$ cat data-v4.pdb   # PDB, C-alpha atoms
ATOM      1  CA  MET U   1     -15.045 -83.306 -68.070  1.00  0.00           C
ATOM      2  CA  SER U   2     -17.311 -80.530 -66.803  1.00  0.00           C
ATOM      3  CA  ARG U   3     -20.418 -82.738 -67.134  1.00  0.00           C
ATOM      4  CA  THR U   4     -18.661 -85.486 -65.172  1.00  0.00           C
ATOM      5  CA  ARG U   5     -17.807 -82.993 -62.437  1.00  0.00           C
ATOM      6  CA  GLN U   6     -21.485 -82.084 -62.181  1.00  0.00           C
ATOM      7  CA  ILE U   7     -22.536 -85.725 -61.756  1.00  0.00           C
ATOM      8  CA  PHE U   8     -19.956 -86.917 -59.222  1.00  0.00           C
ATOM      9  CA  PRO U   9     -18.897 -85.144 -56.007  1.00  0.00           C
ATOM     10  CA  ALA U  10     -15.340 -83.828 -55.642  1.00  0.00           C
ATOM     11  CA  ALA U  11     -14.566 -86.607 -53.140  1.00  0.00           C
ATOM     12  CA  VAL U  12     -14.730 -89.148 -55.984  1.00  0.00           C
ATOM     13  CA  PHE U  13     -12.056 -87.306 -57.960  1.00  0.00           C
ATOM     14  CA  GLU U  14      -9.866 -86.842 -54.875  1.00  0.00           C
ATOM     15  CA  CYS U  15     -10.120 -90.534 -54.054  1.00  0.00           C
ATOM     16  CA  LEU U  16      -9.378 -91.555 -57.633  1.00  0.00           C
ATOM     17  CA  PHE U  17      -6.316 -89.294 -57.666  1.00  0.00           C
ATOM     18  CA  ASP U  18      -5.116 -90.788 -54.351  1.00  0.00           C
ATOM     19  CA  HIS U  19      -5.559 -94.304 -55.720  1.00  0.00           C
ATOM     20  CA  VAL U  20      -3.690 -93.591 -58.985  1.00  0.00           C
ATOM     21  CA  PHE U  21      -0.930 -91.769 -57.110  1.00  0.00           C
ATOM     22  CA  ALA U  22      -0.499 -94.718 -54.725  1.00  0.00           C
ATOM     23  CA  GLN U  23      -0.164 -97.039 -57.731  1.00  0.00           C
ATOM     24  CA  CYS U  24       2.506 -94.749 -59.234  1.00  0.00           C
ATOM     25  CA  VAL U  25       4.440 -94.830 -55.956  1.00  0.00           C
ATOM     26  CA  ALA U  26       4.150 -98.636 -55.785  1.00  0.00           C
ATOM     27  CA  ALA U  27       5.455 -98.910 -59.370  1.00  0.00           C
ATOM     28  CA  ARG U  28       8.352 -96.585 -58.424  1.00  0.00           C
ATOM     29  CA  LEU U  29       7.257 -93.990 -60.971  1.00  0.00           C
ATOM     30  CA  VAL U  30       7.244 -91.426 -58.164  1.00  0.00           C
ATOM     31  CA  THR U  31      10.194 -91.254 -55.790  1.00  0.00           C
ATOM     32  CA  GLY U  32      10.141 -87.766 -54.316  1.00  0.00           C
ATOM     33  CA  HIS U  33      13.726 -86.976 -55.298  1.00  0.00           C
ATOM     34  CA  THR U  34      12.860 -84.431 -57.984  1.00  0.00           C
ATOM     35  CA  GLN U  35      10.098 -81.870 -58.011  1.00  0.00           C
ATOM     36  CA  ALA U  36       8.766 -79.932 -60.980  1.00  0.00           C
ATOM     37  CA  VAL U  37       6.619 -76.851 -60.616  1.00  0.00           C
ATOM     38  CA  ASP U  38       4.475 -75.279 -63.278  1.00  0.00           C
ATOM     39  CA  SER U  39       3.178 -71.784 -62.747  1.00  0.00           C
ATOM     40  CA  ALA U  40       1.782 -68.728 -64.421  1.00  0.00           C
ATOM     41  CA  PHE U  41       1.993 -65.076 -63.457  1.00  0.00           C
ATOM     42  CA  VAL U  42      -1.403 -63.820 -62.336  1.00  0.00           C
ATOM     43  CA  LYS U  43      -2.118 -60.286 -61.210  1.00  0.00           C
ATOM     44  CA  ALA U  44      -3.773 -60.300 -57.823  1.00  0.00           C
ATOM     45  CA  ASN U  45      -5.471 -57.673 -55.741  1.00  0.00           C
ATOM     46  CA  ALA U  46      -4.494 -59.029 -52.329  1.00  0.00           C
ATOM     47  CA  SER U  47      -3.550 -57.520 -49.020  1.00  0.00           C
ATOM     48  CA  LEU U  48      -1.475 -58.893 -46.139  1.00  0.00           C
ATOM     49  CA  ASP U  49      -4.160 -57.443 -43.838  1.00  0.00           C
ATOM     50  CA  GLY U  50      -6.629 -60.003 -45.203  1.00  0.00           C
ATOM     51  CA  LEU U  51      -4.543 -63.051 -44.301  1.00  0.00           C
ATOM     52  CA  ALA U  52      -6.113 -65.596 -41.987  1.00  0.00           C
ATOM     53  CA  LYS U  53      -4.712 -68.702 -40.349  1.00  0.00           C
ATOM     54  CA  SER U  54      -6.093 -71.890 -41.873  1.00  0.00           C
ATOM     55  CA  CYS U  55      -5.954 -75.577 -41.093  1.00  0.00           C
ATOM     56  CA  PRO U  56      -7.072 -78.733 -42.921  1.00  0.00           C
ATOM     57  CA  LEU U  57     -10.783 -79.426 -42.688  1.00  0.00           C
ATOM     58  CA  LYS U  58     -10.355 -83.179 -42.370  1.00  0.00           C
ATOM     59  CA  PRO U  59      -7.471 -85.596 -41.869  1.00  0.00           C
ATOM     60  CA  PRO U  60      -6.089 -87.304 -44.993  1.00  0.00           C
ATOM     61  CA  ARG U  61      -7.660 -90.611 -45.963  1.00  0.00           C
ATOM     62  CA  PRO U  62      -5.641 -93.807 -45.796  1.00  0.00           C
ATOM     63  CA  PRO U  63      -4.768 -95.205 -49.245  1.00  0.00           C
ATOM     64  CA  TYR U  64      -7.370 -97.229 -51.139  1.00  0.00           C
ATOM     65  CA  THR U  65     -10.399 -96.118 -49.150  1.00  0.00           C
ATOM     66  CA  CYS U  66     -12.307 -94.961 -52.163  1.00  0.00           C
ATOM     67  CA  LEU U  67     -15.801 -93.842 -53.063  1.00  0.00           C
ATOM     68  CA  VAL U  68     -15.375 -94.599 -56.779  1.00  0.00           C
ATOM     69  CA  SER U  69     -16.833 -98.119 -56.625  1.00  0.00           C
ATOM     70  CA  ARG U  70     -20.052 -96.756 -55.083  1.00  0.00           C
ATOM     71  CA  TYR U  71     -20.634 -94.570 -58.163  1.00  0.00           C
ATOM     72  CA  LEU U  72     -19.572 -97.128 -60.781  1.00  0.00           C
ATOM     73  CA  THR U  73     -21.913 -99.916 -59.674  1.00  0.00           C
TER
END
$ encode --input "data-v4.pdb" --output "structure tokens"
Amino acid sequence: MSRTRQIFPAAVFECLFDHVFAQCVAARLVTGHTQAVDSAFVKANASLDGLAKSCPLKPPRPPYTCLVSRYLT
């Protein structure tokens, strides 16, 4: 997978994920009624003084607008 990540930009993987997720929603495999969270305890050296307000860099893409076909042809 690491070689694939070097070849294709992150936008391809994001778009592919969005497309697969939309298909799961359409097939009613994802309903939003139950959430599962997986986590691991990680020691951090963080300070509340270093917090900064952030906002999304770009608006979310509408479903099925994908860059994958450009890289597969």
$ atom_distance --input "data-v4.pdb" --atom1 "CA of Lys58 in chain U" --atom2 "CA of Leu16 in chain U"
17.4 Å
$ atom_distance --input "data-v4.pdb" --atom1 "CA of Leu29 in chain U" --atom2 "CA of Cys15 in chain U"
19.0 Å
$ atom_distance --input "data-v4.pdb" --atom1 "CA of Leu51 in chain U" --atom2 "CA of Ala10 in chain U"
26.0 Å
$ axis_aligned_box --input "data-v4.pdb" --around "range 25-43 of chain U" --padding-each-side "4 Å" --output "lines of an AutoDock Vina configuration file"
center_x = 5.8
center_y = -79.6
center_z = -59.4
size_x = 23.8
size_y = 46.6
size_z = 18.1
$ decode --input "data-v4.pdb" --residues "range 28-42 of chain U" --atoms "all heavy atoms" --output "PDB file, in the first residue's frame"
ATOM      1  N   ARG U  28     -27.862   0.313   2.199  1.00  0.00           N
ATOM      2  CA  ARG U  28     -28.352   0.277   3.585  1.00  0.00           C
ATOM      3  C   ARG U  28     -27.453  -0.532   4.520  1.00  0.00           C
ATOM      4  O   ARG U  28     -27.912  -1.128   5.486  1.00  0.00           O
ATOM      5  CB  ARG U  28     -29.783  -0.236   3.644  1.00  0.00           C
ATOM      6  CG  ARG U  28     -30.737   0.679   2.926  1.00  0.00           C
ATOM      7  CD  ARG U  28     -32.142   0.209   3.056  1.00  0.00           C
ATOM      8  NE  ARG U  28     -33.015   1.109   2.321  1.00  0.00           N
ATOM      9  CZ  ARG U  28     -34.258   1.301   2.626  1.00  0.00           C
ATOM     10  NH1 ARG U  28     -34.799   0.666   3.633  1.00  0.00           N
ATOM     11  NH2 ARG U  28     -34.991   2.116   1.909  1.00  0.00           N
ATOM     12  N   LEU U  29     -26.160  -0.559   4.191  1.00  0.00           N
ATOM     13  CA  LEU U  29     -25.191  -1.193   5.089  1.00  0.00           C
ATOM     14  C   LEU U  29     -24.772  -0.232   6.194  1.00  0.00           C
ATOM     15  O   LEU U  29     -24.255  -0.641   7.223  1.00  0.00           O
ATOM     16  CB  LEU U  29     -23.950  -1.635   4.305  1.00  0.00           C
ATOM     17  CG  LEU U  29     -24.194  -2.699   3.232  1.00  0.00           C
ATOM     18  CD1 LEU U  29     -22.926  -2.925   2.425  1.00  0.00           C
ATOM     19  CD2 LEU U  29     -24.657  -3.994   3.867  1.00  0.00           C
ATOM     20  N   VAL U  30     -25.005   1.059   5.956  1.00  0.00           N
ATOM     21  CA  VAL U  30     -24.673   2.107   6.905  1.00  0.00           C
ATOM     22  C   VAL U  30     -25.942   2.900   7.157  1.00  0.00           C
ATOM     23  O   VAL U  30     -26.546   3.417   6.224  1.00  0.00           O
ATOM     24  CB  VAL U  30     -23.575   3.039   6.348  1.00  0.00           C
ATOM     25  CG1 VAL U  30     -23.264   4.148   7.329  1.00  0.00           C
ATOM     26  CG2 VAL U  30     -22.332   2.268   5.993  1.00  0.00           C
ATOM     27  N   THR U  31     -26.357   2.982   8.419  1.00  0.00           N
ATOM     28  CA  THR U  31     -27.589   3.705   8.726  1.00  0.00           C
ATOM     29  C   THR U  31     -27.367   4.897   9.636  1.00  0.00           C
ATOM     30  O   THR U  31     -28.181   5.800   9.655  1.00  0.00           O
ATOM     31  CB  THR U  31     -28.612   2.774   9.396  1.00  0.00           C
ATOM     32  OG1 THR U  31     -28.057   2.293  10.623  1.00  0.00           O
ATOM     33  CG2 THR U  31     -28.976   1.607   8.500  1.00  0.00           C
ATOM     34  N   GLY U  32     -26.317   4.898  10.414  1.00  0.00           N
ATOM     35  CA  GLY U  32     -26.062   6.001  11.321  1.00  0.00           C
ATOM     36  C   GLY U  32     -26.704   5.834  12.680  1.00  0.00           C
ATOM     37  O   GLY U  32     -26.621   6.723  13.522  1.00  0.00           O
ATOM     38  N   HIS U  33     -27.321   4.686  12.933  1.00  0.00           N
ATOM     39  CA  HIS U  33     -27.963   4.464  14.230  1.00  0.00           C
ATOM     40  C   HIS U  33     -26.979   4.002  15.298  1.00  0.00           C
ATOM     41  O   HIS U  33     -27.164   4.265  16.471  1.00  0.00           O
ATOM     42  CB  HIS U  33     -29.089   3.431  14.097  1.00  0.00           C
ATOM     43  CG  HIS U  33     -30.232   3.917  13.283  1.00  0.00           C
ATOM     44  ND1 HIS U  33     -31.100   4.883  13.720  1.00  0.00           N
ATOM     45  CD2 HIS U  33     -30.647   3.604  12.036  1.00  0.00           C
ATOM     46  CE1 HIS U  33     -32.006   5.134  12.797  1.00  0.00           C
ATOM     47  NE2 HIS U  33     -31.743   4.372  11.750  1.00  0.00           N
ATOM     48  N   THR U  34     -25.932   3.330  14.899  1.00  0.00           N
ATOM     49  CA  THR U  34     -24.955   2.797  15.847  1.00  0.00           C
ATOM     50  C   THR U  34     -23.566   3.260  15.431  1.00  0.00           C
ATOM     51  O   THR U  34     -23.232   3.250  14.255  1.00  0.00           O
ATOM     52  CB  THR U  34     -24.983   1.256  15.840  1.00  0.00           C
ATOM     53  OG1 THR U  34     -26.311   0.821  16.106  1.00  0.00           O
ATOM     54  CG2 THR U  34     -24.050   0.691  16.887  1.00  0.00           C
ATOM     55  N   GLN U  35     -22.787   3.655  16.401  1.00  0.00           N
ATOM     56  CA  GLN U  35     -21.419   4.064  16.128  1.00  0.00           C
ATOM     57  C   GLN U  35     -20.469   3.189  16.926  1.00  0.00           C
ATOM     58  O   GLN U  35     -20.747   2.862  18.076  1.00  0.00           O
ATOM     59  CB  GLN U  35     -21.189   5.522  16.519  1.00  0.00           C
ATOM     60  CG  GLN U  35     -21.951   6.503  15.683  1.00  0.00           C
ATOM     61  CD  GLN U  35     -21.669   7.936  16.117  1.00  0.00           C
ATOM     62  OE1 GLN U  35     -20.924   8.186  17.046  1.00  0.00           O
ATOM     63  NE2 GLN U  35     -22.271   8.876  15.421  1.00  0.00           N
ATOM     64  N   ALA U  36     -19.362   2.829  16.309  1.00  0.00           N
ATOM     65  CA  ALA U  36     -18.312   2.082  17.000  1.00  0.00           C
ATOM     66  C   ALA U  36     -17.034   2.900  16.917  1.00  0.00           C
ATOM     67  O   ALA U  36     -16.734   3.505  15.886  1.00  0.00           O
ATOM     68  CB  ALA U  36     -18.113   0.727  16.347  1.00  0.00           C
ATOM     69  N   VAL U  37     -16.301   2.930  17.994  1.00  0.00           N
ATOM     70  CA  VAL U  37     -15.072   3.710  18.045  1.00  0.00           C
ATOM     71  C   VAL U  37     -13.946   2.788  18.468  1.00  0.00           C
ATOM     72  O   VAL U  37     -14.082   2.023  19.420  1.00  0.00           O
ATOM     73  CB  VAL U  37     -15.202   4.883  19.034  1.00  0.00           C
ATOM     74  CG1 VAL U  37     -13.900   5.650  19.130  1.00  0.00           C
ATOM     75  CG2 VAL U  37     -16.336   5.794  18.620  1.00  0.00           C
ATOM     76  N   ASP U  38     -12.857   2.876  17.761  1.00  0.00           N
ATOM     77  CA  ASP U  38     -11.670   2.107  18.106  1.00  0.00           C
ATOM     78  C   ASP U  38     -10.595   3.112  18.502  1.00  0.00           C
ATOM     79  O   ASP U  38     -10.431   4.139  17.850  1.00  0.00           O
ATOM     80  CB  ASP U  38     -11.218   1.273  16.909  1.00  0.00           C
ATOM     81  CG  ASP U  38     -10.082   0.337  17.265  1.00  0.00           C
ATOM     82  OD1 ASP U  38      -9.828   0.121  18.469  1.00  0.00           O
ATOM     83  OD2 ASP U  38      -9.437  -0.173  16.340  1.00  0.00           O
ATOM     84  N   SER U  39      -9.887   2.839  19.559  1.00  0.00           N
ATOM     85  CA  SER U  39      -8.887   3.804  19.993  1.00  0.00           C
ATOM     86  C   SER U  39      -7.735   3.086  20.685  1.00  0.00           C
ATOM     87  O   SER U  39      -7.809   1.911  21.004  1.00  0.00           O
ATOM     88  CB  SER U  39      -9.513   4.817  20.949  1.00  0.00           C
ATOM     89  OG  SER U  39      -9.938   4.162  22.132  1.00  0.00           O
ATOM     90  N   ALA U  40      -6.691   3.837  20.890  1.00  0.00           N
ATOM     91  CA  ALA U  40      -5.534   3.341  21.615  1.00  0.00           C
ATOM     92  C   ALA U  40      -5.001   4.474  22.482  1.00  0.00           C
ATOM     93  O   ALA U  40      -5.054   5.641  22.099  1.00  0.00           O
ATOM     94  CB  ALA U  40      -4.458   2.869  20.643  1.00  0.00           C
ATOM     95  N   PHE U  41      -4.509   4.142  23.646  1.00  0.00           N
ATOM     96  CA  PHE U  41      -3.939   5.140  24.535  1.00  0.00           C
ATOM     97  C   PHE U  41      -2.562   5.517  24.019  1.00  0.00           C
ATOM     98  O   PHE U  41      -1.711   4.656  23.780  1.00  0.00           O
ATOM     99  CB  PHE U  41      -3.843   4.600  25.964  1.00  0.00           C
ATOM    100  CG  PHE U  41      -3.253   5.584  26.924  1.00  0.00           C
ATOM    101  CD1 PHE U  41      -4.012   6.649  27.388  1.00  0.00           C
ATOM    102  CD2 PHE U  41      -1.949   5.464  27.345  1.00  0.00           C
ATOM    103  CE1 PHE U  41      -3.462   7.573  28.270  1.00  0.00           C
ATOM    104  CE2 PHE U  41      -1.396   6.377  28.224  1.00  0.00           C
ATOM    105  CZ  PHE U  41      -2.159   7.432  28.679  1.00  0.00           C
ATOM    106  N   VAL U  42      -2.342   6.797  23.813  1.00  0.00           N
ATOM    107  CA  VAL U  42      -1.060   7.293  23.332  1.00  0.00           C
ATOM    108  C   VAL U  42      -0.628   8.431  24.232  1.00  0.00           C
ATOM    109  O   VAL U  42      -1.385   9.377  24.451  1.00  0.00           O
ATOM    110  CB  VAL U  42      -1.172   7.799  21.871  1.00  0.00           C
ATOM    111  CG1 VAL U  42       0.163   8.349  21.394  1.00  0.00           C
ATOM    112  CG2 VAL U  42      -1.660   6.701  20.955  1.00  0.00           C
TER     113      VAL U  42
END
